[in-house]
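Have a look at coords_1.pdb; it's PDB, C-alpha atoms:
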ATOM      1  CA  MET A1138     130.461 122.670  93.889  1.00  0.00           C
ATOM      2  CA  ALA A1139     131.762 119.748  91.906  1.00  0.00           C
ATOM      3  CA  ALA A1140     129.178 117.212  90.832  1.00  0.00           C
ATOM      4  CA  GLY A1141     129.058 113.508  91.606  1.00  0.00           C
ATOM      5  CA  SER A1142     126.565 110.740  90.922  1.00  0.00           C
ATOM      6  CA  VAL A1143     124.728 108.391  93.275  1.00  0.00           C
ATOM      7  CA  ARG A1144     121.623 106.240  93.021  1.00  0.00           C
ATOM      8  CA  ASP A1145     118.387 107.406  94.552  1.00  0.00           C
ATOM      9  CA  GLY A1146     115.617 105.227  95.987  1.00  0.00           C
ATOM     10  CA  THR A1147     114.327 104.382  92.495  1.00  0.00           C
ATOM     11  CA  GLY A1148     117.696 103.198  91.232  1.00  0.00           C
ATOM     12  CA  ASP A1149     118.056 106.174  88.895  1.00  0.00           C
ATOM     13  CA  ALA A1150     121.285 108.135  88.696  1.00  0.00           C
ATOM     14  CA  VAL A1151     121.153 111.417  90.586  1.00  0.00           C
ATOM     15  CA  THR A1152     123.671 114.237  90.229  1.00  0.00           C
ATOM     16  CA  VAL A1153     124.741 115.628  93.583  1.00  0.00           C
ATOM     17  CA  PRO A1154     127.220 118.373  94.528  1.00  0.00           C
ATOM     18  CA  SER A1155     130.667 118.155  96.082  1.00  0.00           C
ATOM     19  CA  GLY A1156     131.638 114.530  95.714  1.00  0.00           C
ATOM     20  CA  ASP A1157     132.109 111.835  98.328  1.00  0.00           C
ATOM     21  CA  VAL A1158     130.558 113.501 101.378  1.00  0.00           C
ATOM     22  CA  VAL A1159     127.242 114.117  99.651  1.00  0.00           C
ATOM     23  CA  ALA A1160     127.342 110.698  97.993  1.00  0.00           C
ATOM     24  CA  GLU A1161     127.778 109.074 101.401  1.00  0.00           C
ATOM     25  CA  VAL A1162     124.864 110.997 102.917  1.00  0.00           C
ATOM     26  CA  CYS A1163     122.667 109.981  99.997  1.00  0.00           C
ATOM     27  CA  ALA A1164     123.815 106.362 100.202  1.00  0.00           C
ATOM     28  CA  THR A1165     123.133 106.196 103.946  1.00  0.00           C
ATOM     29  CA  ARG A1166     119.640 107.696 103.434  1.00  0.00           C
ATOM     30  CA  LEU A1167     119.416 108.465 107.154  1.00  0.00           C
ATOM     31  CA  VAL A1168     120.748 111.417 109.168  1.00  0.00           C
ATOM     32  CA  PRO A1169     120.241 111.393 112.949  1.00  0.00           C
ATOM     33  CA  VAL A1170     119.685 114.945 114.175  1.00  0.00           C
ATOM     34  CA  ILE A1171     121.460 115.291 117.505  1.00  0.00           C
ATOM     35  CA  VAL A1172     120.884 117.870 120.241  1.00  0.00           C
ATOM     36  CA  ILE A1173     123.569 117.314 122.867  1.00  0.00           C
ATOM     37  CA  ASP A1174     123.900 119.234 126.130  1.00  0.00           C
ATOM     38  CA  ASP A1175     126.991 117.501 127.544  1.00  0.00           C
ATOM     39  CA  ALA A1176     130.012 116.978 125.304  1.00  0.00           C
ATOM     40  CA  SER A1177     131.132 114.029 127.442  1.00  0.00           C
ATOM     41  CA  ALA A1178     128.227 112.101 125.928  1.00  0.00           C
ATOM     42  CA  ALA A1179     129.659 112.450 122.420  1.00  0.00           C
ATOM     43  CA  ALA A1180     131.978 109.439 122.608  1.00  0.00           C
ATOM     44  CA  PRO A1181     129.446 106.893 123.903  1.00  0.00           C
ATOM     45  CA  LEU A1182     126.863 108.311 121.504  1.00  0.00           C
ATOM     46  CA  ALA A1183     129.246 107.719 118.603  1.00  0.00           C
ATOM     47  CA  ASP A1184     129.758 104.159 119.835  1.00  0.00           C
ATOM     48  CA  ALA A1185     125.988 103.617 119.985  1.00  0.00           C
ATOM     49  CA  LEU A1186     125.414 104.909 116.452  1.00  0.00           C
ATOM     50  CA  VAL A1187     128.230 102.818 115.009  1.00  0.00           C
ATOM     51  CA  ALA A1188     126.920  99.760 116.856  1.00  0.00           C
ATOM     52  CA  GLY A1189     123.615 100.394 115.089  1.00  0.00           C
ATOM     53  CA  ASP A1190     125.495 100.377 111.755  1.00  0.00           C
ATOM     54  CA  LEU A1191     125.049 104.089 111.081  1.00  0.00           C
ATOM     55  CA  ARG A1192     128.025 106.125 109.896  1.00  0.00           C
ATOM     56  CA  CYS A1193     126.505 109.601 109.519  1.00  0.00           C
ATOM     57  CA  ALA A1194     125.371 112.160 112.096  1.00  0.00           C
ATOM     58  CA  GLU A1195     124.298 115.800 112.311  1.00  0.00           C
ATOM     59  CA  VAL A1196     125.091 117.646 115.543  1.00  0.00           C
ATOM     60  CA  THR A1197     122.955 120.756 115.860  1.00  0.00           C
ATOM     61  CA  PHE A1198     124.516 124.050 116.923  1.00  0.00           C
ATOM     62  CA  ARG A1199     121.727 124.645 119.440  1.00  0.00           C
ATOM     63  CA  THR A1200     123.721 124.079 122.623  1.00  0.00           C
ATOM     64  CA  ASP A1201     126.984 125.206 124.170  1.00  0.00           C
ATOM     65  CA  ALA A1202     128.270 121.628 123.928  1.00  0.00           C
ATOM     66  CA  ALA A1203     127.694 121.316 120.168  1.00  0.00           C
ATOM     67  CA  GLU A1204     131.088 122.477 118.960  1.00  0.00           C
ATOM     68  CA  SER A1205     132.965 120.199 121.346  1.00  0.00           C
ATOM     69  CA  ALA A1206     130.684 117.310 120.437  1.00  0.00           C
ATOM     70  CA  VAL A1207     131.361 117.821 116.725  1.00  0.00           C
ATOM     71  CA  ARG A1208     135.080 117.878 117.434  1.00  0.00           C
ATOM     72  CA  ALA A1209     134.974 114.686 119.503  1.00  0.00           C
ATOM     73  CA  MET A1210     132.758 112.744 117.103  1.00  0.00           C
ATOM     74  CA  SER A1211     134.729 113.889 114.049  1.00  0.00           C
ATOM     75  CA  ALA A1212     138.033 112.905 115.649  1.00  0.00           C
ATOM     76  CA  ASP A1213     136.604 109.446 116.299  1.00  0.00           C
ATOM     77  CA  GLY A1214     136.947 108.746 112.576  1.00  0.00           C
ATOM     78  CA  ARG A1215     134.111 106.249 112.240  1.00  0.00           C
ATOM     79  CA  LEU A1216     131.379 108.781 111.546  1.00  0.00           C
ATOM     80  CA  LEU A1217     130.717 111.331 108.842  1.00  0.00           C
ATOM     81  CA  VAL A1218     129.805 114.258 111.093  1.00  0.00           C
ATOM     82  CA  GLY A1219     128.018 117.417 110.027  1.00  0.00           C
ATOM     83  CA  ALA A1220     126.780 120.489 111.869  1.00  0.00           C
ATOM     84  CA  GLY A1221     123.130 121.484 111.867  1.00  0.00           C
ATOM     85  CA  THR A1222     121.135 124.576 112.823  1.00  0.00           C
ATOM     86  CA  VAL A1223     123.918 126.672 111.310  1.00  0.00           C
ATOM     87  CA  ILE A1224     122.533 130.154 110.672  1.00  0.00           C
ATOM     88  CA  THR A1225     125.611 132.388 110.322  1.00  0.00           C
ATOM     89  CA  ALA A1226     128.850 132.369 108.354  1.00  0.00           C
ATOM     90  CA  GLU A1227     130.750 132.537 111.644  1.00  0.00           C
ATOM     91  CA  GLN A1228     129.128 129.267 112.727  1.00  0.00           C
ATOM     92  CA  VAL A1229     130.218 127.697 109.444  1.00  0.00           C
ATOM     93  CA  ASP A1230     133.812 128.496 110.348  1.00  0.00           C
ATOM     94  CA  ARG A1231     133.458 127.202 113.895  1.00  0.00           C
ATOM     95  CA  ALA A1232     131.792 123.997 112.706  1.00  0.00           C
ATOM     96  CA  THR A1233     134.324 123.241 109.981  1.00  0.00           C
ATOM     97  CA  ASP A1234     137.214 124.065 112.302  1.00  0.00           C
ATOM     98  CA  ALA A1235     135.764 121.469 114.681  1.00  0.00           C
ATOM     99  CA  GLY A1236     135.719 118.891 111.895  1.00  0.00           C
ATOM    100  CA  ALA A1237     132.205 119.122 110.445  1.00  0.00           C
ATOM    101  CA  ARG A1238     132.168 117.771 106.897  1.00  0.00           C
ATOM    102  CA  PHE A1239     128.775 119.102 105.906  1.00  0.00           C
ATOM    103  CA  ILE A1240     126.552 121.963 107.018  1.00  0.00           C
ATOM    104  CA  VAL A1241     122.777 121.992 107.472  1.00  0.00           C
ATOM    105  CA  SER A1242     120.699 125.110 108.071  1.00  0.00           C
ATOM    106  CA  PRO A1243     117.028 125.397 109.097  1.00  0.00           C
ATOM    107  CA  GLY A1244     116.329 127.979 106.378  1.00  0.00           C
ATOM    108  CA  PHE A1245     117.942 129.452 103.295  1.00  0.00           C
ATOM    109  CA  SER A1246     120.765 131.892 104.103  1.00  0.00           C
ATOM    110  CA  ALA A1247     122.732 133.197 101.149  1.00  0.00           C
ATOM    111  CA  ALA A1248     125.567 134.147 103.523  1.00  0.00           C
ATOM    112  CA  VAL A1249     125.806 130.621 104.929  1.00  0.00           C
ATOM    113  CA  VAL A1250     125.710 129.056 101.467  1.00  0.00           C
ATOM    114  CA  ARG A1251     128.380 131.420 100.152  1.00  0.00           C
ATOM    115  CA  ARG A1252     130.662 130.735 103.108  1.00  0.00           C
ATOM    116  CA  CYS A1253     130.265 126.979 102.731  1.00  0.00           C
ATOM    117  CA  GLN A1254     131.059 127.218  99.045  1.00  0.00           C
ATOM    118  CA  ALA A1255     134.079 129.381  99.807  1.00  0.00           C
ATOM    119  CA  VAL A1256     135.543 126.843 102.236  1.00  0.00           C
ATOM    120  CA  GLY A1257     134.514 123.849 100.121  1.00  0.00           C
ATOM    121  CA  VAL A1258     132.061 122.156 102.467  1.00  0.00           C
ATOM    122  CA  PRO A1259     128.694 120.776 101.278  1.00  0.00           C
ATOM    123  CA  VAL A1260     125.671 122.710 102.536  1.00  0.00           C
ATOM    124  CA  PHE A1261     122.047 121.604 102.747  1.00  0.00           C
ATOM    125  CA  PRO A1262     119.978 124.759 103.304  1.00  0.00           C
ATOM    126  CA  GLY A1263     116.479 124.517 104.669  1.00  0.00           C
ATOM    127  CA  VAL A1264     113.514 125.220 102.402  1.00  0.00           C
ATOM    128  CA  ALA A1265     109.783 125.367 103.032  1.00  0.00           C
ATOM    129  CA  THR A1266     108.486 126.997  99.849  1.00  0.00           C
ATOM    130  CA  ALA A1267     108.978 127.004  96.087  1.00  0.00           C
ATOM    131  CA  THR A1268     110.524 130.466  96.366  1.00  0.00           C
ATOM    132  CA  GLU A1269     113.219 129.167  98.714  1.00  0.00           C
ATOM    133  CA  ILE A1270     113.921 126.208  96.427  1.00  0.00           C
ATOM    134  CA  ILE A1271     114.473 128.617  93.539  1.00  0.00           C
ATOM    135  CA  ALA A1272     116.803 130.683  95.745  1.00  0.00           C
ATOM    136  CA  ALA A1273     118.798 127.533  96.499  1.00  0.00           C
ATOM    137  CA  LEU A1274     119.002 126.642  92.809  1.00  0.00           C
ATOM    138  CA  ASP A1275     120.111 130.190  91.998  1.00  0.00           C
ATOM    139  CA  ALA A1276     122.903 129.700  94.547  1.00  0.00           C
ATOM    140  CA  GLY A1277     124.001 126.449  92.895  1.00  0.00           C
ATOM    141  CA  VAL A1278     122.473 124.072  95.470  1.00  0.00           C
ATOM    142  CA  ASP A1279     120.178 121.224  94.439  1.00  0.00           C
ATOM    143  CA  LEU A1280     120.168 119.092  97.604  1.00  0.00           C
ATOM    144  CA  VAL A1281     118.113 120.830 100.296  1.00  0.00           C
ATOM    145  CA  LYS A1282     116.561 120.202 103.676  1.00  0.00           C
ATOM    146  CA  PHE A1283     112.739 120.241 103.717  1.00  0.00           C
ATOM    147  CA  PHE A1284     111.965 121.664 107.153  1.00  0.00           C
ATOM    148  CA  PRO A1285     109.882 121.378 109.290  1.00  0.00           C
ATOM    149  CA  ALA A1286     108.560 118.480 107.243  1.00  0.00           C
ATOM    150  CA  GLU A1287     105.595 117.253 109.253  1.00  0.00           C
ATOM    151  CA  SER A1288     104.351 120.716 110.222  1.00  0.00           C
ATOM    152  CA  LEU A1289     104.433 121.743 106.557  1.00  0.00           C
ATOM    153  CA  GLY A1290     102.237 118.876 105.420  1.00  0.00           C
ATOM    154  CA  GLY A1291     104.515 115.872 105.397  1.00  0.00           C
ATOM    155  CA  VAL A1292     104.875 113.547 102.434  1.00  0.00           C
ATOM    156  CA  GLY A1293     102.020 115.147 100.517  1.00  0.00           C
ATOM    157  CA  MET A1294     103.523 118.618 100.649  1.00  0.00           C
ATOM    158  CA  LEU A1295     106.964 117.269  99.804  1.00  0.00           C
ATOM    159  CA  LYS A1296     105.633 115.567  96.688  1.00  0.00           C
ATOM    160  CA  ALA A1297     103.848 118.758  95.644  1.00  0.00           C
ATOM    161  CA  LEU A1298     107.024 120.815  95.999  1.00  0.00           C
ATOM    162  CA  ALA A1299     109.190 118.225  94.277  1.00  0.00           C
ATOM    163  CA  ALA A1300     106.979 117.974  91.203  1.00  0.00           C
ATOM    164  CA  PRO A1301     108.097 121.197  89.458  1.00  0.00           C
ATOM    165  CA  PHE A1302     111.737 120.844  90.559  1.00  0.00           C
ATOM    166  CA  ARG A1303     112.888 117.601  88.994  1.00  0.00           C
ATOM    167  CA  SER A1304     116.592 118.283  89.552  1.00  0.00           C
ATOM    168  CA  VAL A1305     116.189 118.905  93.290  1.00  0.00           C
ATOM    169  CA  ARG A1306     116.641 116.265  95.986  1.00  0.00           C
ATOM    170  CA  PHE A1307     115.402 116.675  99.541  1.00  0.00           C
ATOM    171  CA  ILE A1308     116.343 115.713 103.092  1.00  0.00           C
ATOM    172  CA  PRO A1309     113.022 116.018 104.949  1.00  0.00           C
ATOM    173  CA  THR A1310     113.497 116.746 108.643  1.00  0.00           C
ATOM    174  CA  GLY A1311     111.288 117.888 111.492  1.00  0.00           C
ATOM    175  CA  GLY A1312     108.671 115.917 113.399  1.00  0.00           C
ATOM    176  CA  ILE A1313     109.349 112.684 111.528  1.00  0.00           C
ATOM    177  CA  ALA A1314     108.904 109.515 113.585  1.00  0.00           C
ATOM    178  CA  ALA A1315     110.083 105.969 112.977  1.00  0.00           C
ATOM    179  CA  ALA A1316     106.673 104.947 111.656  1.00  0.00           C
ATOM    180  CA  GLN A1317     106.881 107.556 108.876  1.00  0.00           C
ATOM    181  CA  LEU A1318     110.421 106.821 107.718  1.00  0.00           C
ATOM    182  CA  ALA A1319     109.518 104.352 104.974  1.00  0.00           C
ATOM    183  CA  ASP A1320     106.868 106.684 103.535  1.00  0.00           C
ATOM    184  CA  TYR A1321     109.369 109.509 103.142  1.00  0.00           C
ATOM    185  CA  LEU A1322     112.061 107.241 101.713  1.00  0.00           C
ATOM    186  CA  ALA A1323     109.577 105.978  99.124  1.00  0.00           C
ATOM    187  CA  VAL A1324     109.405 109.458  97.559  1.00  0.00           C
ATOM    188  CA  PRO A1325     111.814 109.454  94.576  1.00  0.00           C
ATOM    189  CA  ALA A1326     112.970 113.017  95.296  1.00  0.00           C
ATOM    190  CA  VAL A1327     114.100 112.119  98.815  1.00  0.00           C
ATOM    191  CA  ALA A1328     117.845 111.571  99.144  1.00  0.00           C
ATOM    192  CA  ALA A1329     117.843 110.948 102.899  1.00  0.00           C
ATOM    193  CA  VAL A1330     115.676 111.542 105.957  1.00  0.00           C
ATOM    194  CA  GLY A1331     116.675 113.481 109.046  1.00  0.00           C
ATOM    195  CA  GLY A1332     115.222 112.427 112.369  1.00  0.00           C
ATOM    196  CA  SER A1333     115.789 112.604 116.095  1.00  0.00           C
ATOM    197  CA  TRP A1334     113.689 109.728 117.431  1.00  0.00           C
ATOM    198  CA  MET A1335     116.702 107.389 117.626  1.00  0.00           C
ATOM    199  CA  VAL A1336     118.826 110.050 119.376  1.00  0.00           C
ATOM    200  CA  ALA A1337     116.214 111.838 121.464  1.00  0.00           C
ATOM    201  CA  PRO A1338     117.778 114.259 123.984  1.00  0.00           C
ATOM    202  CA  LYS A1339     116.390 112.290 126.935  1.00  0.00           C
ATOM    203  CA  LEU A1340     117.921 109.059 125.667  1.00  0.00           C
ATOM    204  CA  ILE A1341     121.279 110.818 125.440  1.00  0.00           C
ATOM    205  CA  ALA A1342     120.921 112.535 128.823  1.00  0.00           C
ATOM    206  CA  ASP A1343     119.984 109.228 130.479  1.00  0.00           C
ATOM    207  CA  GLY A1344     122.837 107.364 128.815  1.00  0.00           C
ATOM    208  CA  ARG A1345     120.513 104.821 127.239  1.00  0.00           C
ATOM    209  CA  TRP A1346     123.065 103.786 124.649  1.00  0.00           C
ATOM    210  CA  ASP A1347     121.619 100.309 124.077  1.00  0.00           C
ATOM    211  CA  GLU A1348     118.232 101.844 123.268  1.00  0.00           C
ATOM    212  CA  ILE A1349     119.862 104.306 120.861  1.00  0.00           C
ATOM    213  CA  THR A1350     121.658 101.420 119.159  1.00  0.00           C
ATOM    214  CA  LYS A1351     118.421  99.440 118.872  1.00  0.00           C
ATOM    215  CA  LEU A1352     116.431 102.332 117.407  1.00  0.00           C
ATOM    216  CA  THR A1353     119.297 103.206 115.073  1.00  0.00           C
ATOM    217  CA  ALA A1354     119.618  99.643 113.809  1.00  0.00           C
ATOM    218  CA  GLU A1355     115.869  99.517 113.129  1.00  0.00           C
ATOM    219  CA  ALA A1356     116.011 102.766 111.158  1.00  0.00           C
ATOM    220  CA  VAL A1357     119.094 101.617 109.225  1.00  0.00           C
ATOM    221  CA  SER A1358     117.223  98.443 108.283  1.00  0.00           C
ATOM    222  CA  VAL A1359     114.296 100.466 106.903  1.00  0.00           C
ATOM    223  CA  ALA A1360     116.678 102.718 104.975  1.00  0.00           C
ATOM    224  CA  ALA A1361     118.535  99.732 103.540  1.00  0.00           C
ATOM    225  CA  ALA A1362     115.280  98.122 102.402  1.00  0.00           C
ATOM    226  CA  SER A1363     114.284 101.342 100.642  1.00  0.00           C
ATOM    227  CA  ARG A1364     117.306 101.219  98.344  1.00  0.00           C
ATOM    228  CA  GLY A1365     115.931  98.303  96.394  1.00  0.00           C
ATOM    229  CA  LYS A1366     112.508  99.846  95.736  1.00  0.00           C
TER     230      LYS A1366
END

Just give me the structure as structure tokens.
Amino acid sequence: MAAGSVRDGTGDAVTVPSGDVVAEVCATRLVPVIVIDDASAAAPLADALVAGDLRCAEVTFRTDAAESAVRAMSADGRLLVGAGTVITAEQVDRATDAGARFIVSPGFSAAVVRRCQAVGVPVFPGVATATEIIAALDAGVDLVKFFPAESLGGVGMLKALAAPFRSVRFIPTGGIAAAQLADYLAVPAVAAVGGSWMVAPKLIADGRWDEITKLTAEAVSVAAASRGK
């Protein structure tokens, strides 16, 4: 992947792969992790996120509606849309065909990483151990998803893993709530935080778009404040 440069939460220059898409994710510092059961909700959900001043979203490939939702939200043009929970090379193709501009996986899959590299889409593989981080580095990836963050020990565990891997940046995801967002963003190795509290499945199912906008705007405000620290 080609390298680019962005600023992390400390203001230091950070080298990231694959150019503008990765730079935008790192600049946003916040990735809502979306589980959507009805593709017709994709359009109003996109409206709600944009109204909350967020321009990035990850739609997980956990439901039958995911592919259609990625297609609808990507076609909207206002959001940088990625696909999450991608665990096979075939899903990489389906996701990118639908318009996904980055791929996120829950664990490290060499096949998924290779396919993403072959088609030129950024990939953030999941890691939970030092061994998996080394596997990602061996594959040419230095921006990874730390998952499931809270179950693995949260900020403390993340700091412990980051210490020996100074070139690696993390997107912690899994069990993170609004109250913990600032703590994760304060870790210098954290490029962005993934979370679902602002796009909880019940909020989407109930069509509570105003609530999604409110929670999104609050999270965006925290992320914006973290950039100057």

Output check: residues returned by the PyMOL selection byres ((chain A and resi 1193) around 8), as a PyMOL selection string: chain A and resi 1162+1165+1167-1169+1191-1192+1194-1195+1216-1219

Please dump the current selection as a PDB file, keeping the file's coordinate frame; keep C-alpha atoms.
ATOM      1  CA  VAL A1162     124.864 110.997 102.917  1.00  0.00           C
ATOM      2  CA  THR A1165     123.133 106.196 103.946  1.00  0.00           C
ATOM      3  CA  LEU A1167     119.416 108.465 107.154  1.00  0.00           C
ATOM      4  CA  VAL A1168     120.748 111.417 109.168  1.00  0.00           C
ATOM      5  CA  PRO A1169     120.241 111.393 112.949  1.00  0.00           C
ATOM      6  CA  LEU A1191     125.049 104.089 111.081  1.00  0.00           C
ATOM      7  CA  ARG A1192     128.025 106.125 109.896  1.00  0.00           C
ATOM      8  CA  ALA A1194     125.371 112.160 112.096  1.00  0.00           C
ATOM      9  CA  GLU A1195     124.298 115.800 112.311  1.00  0.00           C
ATOM     10  CA  LEU A1216     131.379 108.781 111.546  1.00  0.00           C
ATOM     11  CA  LEU A1217     130.717 111.331 108.842  1.00  0.00           C
ATOM     12  CA  VAL A1218     129.805 114.258 111.093  1.00  0.00           C
ATOM     13  CA  GLY A1219     128.018 117.417 110.027  1.00  0.00           C
TER      14      GLY A1219
END

Would you mind listing what lies within 10 Å of Lys1351 (chain A) as number ranges by chain, with all atoms listed in the file counted and same-chain residues fewer than 5 positions away left out? A: 1185-1186, 1188-1189, 1335, 1346, 1356-1357

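The spacing separating CA of Thr1197 (chain A) from CA of Pro1259 (chain A) amounts to 15.7 Å.
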
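Counting only C-alpha atoms, the residue from A:Ile1171, A:Asp1347, A:Leu1295, A:Val1256 that sits nearest to Ala1220 (chain A) is A:Ile1171.
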
Using the file's own x, y and z axes, so that the box edges lie along x, y and z, what centre and edge lengths in Å (one decimal) does a box around every listed atom of region 1261-1278 of chain A get when 4 Å is added on each side? Give it as lines of an AutoDock Vina configuration file.
center_x = 116.2
center_y = 126.1
center_z = 98.3
size_x = 23.5
size_y = 17.1
size_z = 20.7

Could you tell me which residues the PyMOL selection byres ((chain A and resi 1278) around 10) returns for this structure, as a ChimeraX atom specification? /A:1138,1153-1154,1250,1254,1259-1262,1270-1277,1279-1281,1305-1306

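You will find CA of Asp1157 (chain A) at 20.9 Å from CA of Ala1183 (chain A).
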
Identify, on the basis of all atoms listed in the file, every residue whose closest approach to Val1170 (chain A) does not exceed 12 Å; exclude the query and any residue fewer than 6 positions from it along the same chain; express the result as a count of residues only. 33

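Using the PyMOL selection byres ((chain A and resi 1322) around 10) on the file at hand returns these residues: Asp1145, Gly1146, Thr1147, Arg1166, Leu1167, Val1292, Ile1308, Pro1309, Gln1317, Leu1318, Ala1319, Asp1320, Tyr1321, Ala1323, Val1324, Pro1325, Ala1326, Val1327, Ala1328, Ala1329, Val1330, Val1359, Ala1360, Ala1362, Ser1363, Arg1364 and Lys1366 of chain A.
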
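From CA of Ala1255 (chain A) back to CA of Val1207 (chain A), the distance works out to 20.7 Å.
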
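Excluding Asp1174 (chain A) and any residue on its chain fewer than 5 positions from it, the residues at most 8 Å away by only C-alpha atoms are Thr1200, Asp1201, Ala1202, Ala1203 and Ala1342 of chain A.
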
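The closest residue to Leu1340 (chain A), picked from A:Leu1352, A:Ala1300, A:Ala1176, A:Val1229 and counting all atoms listed in the file, is A:Leu1352.
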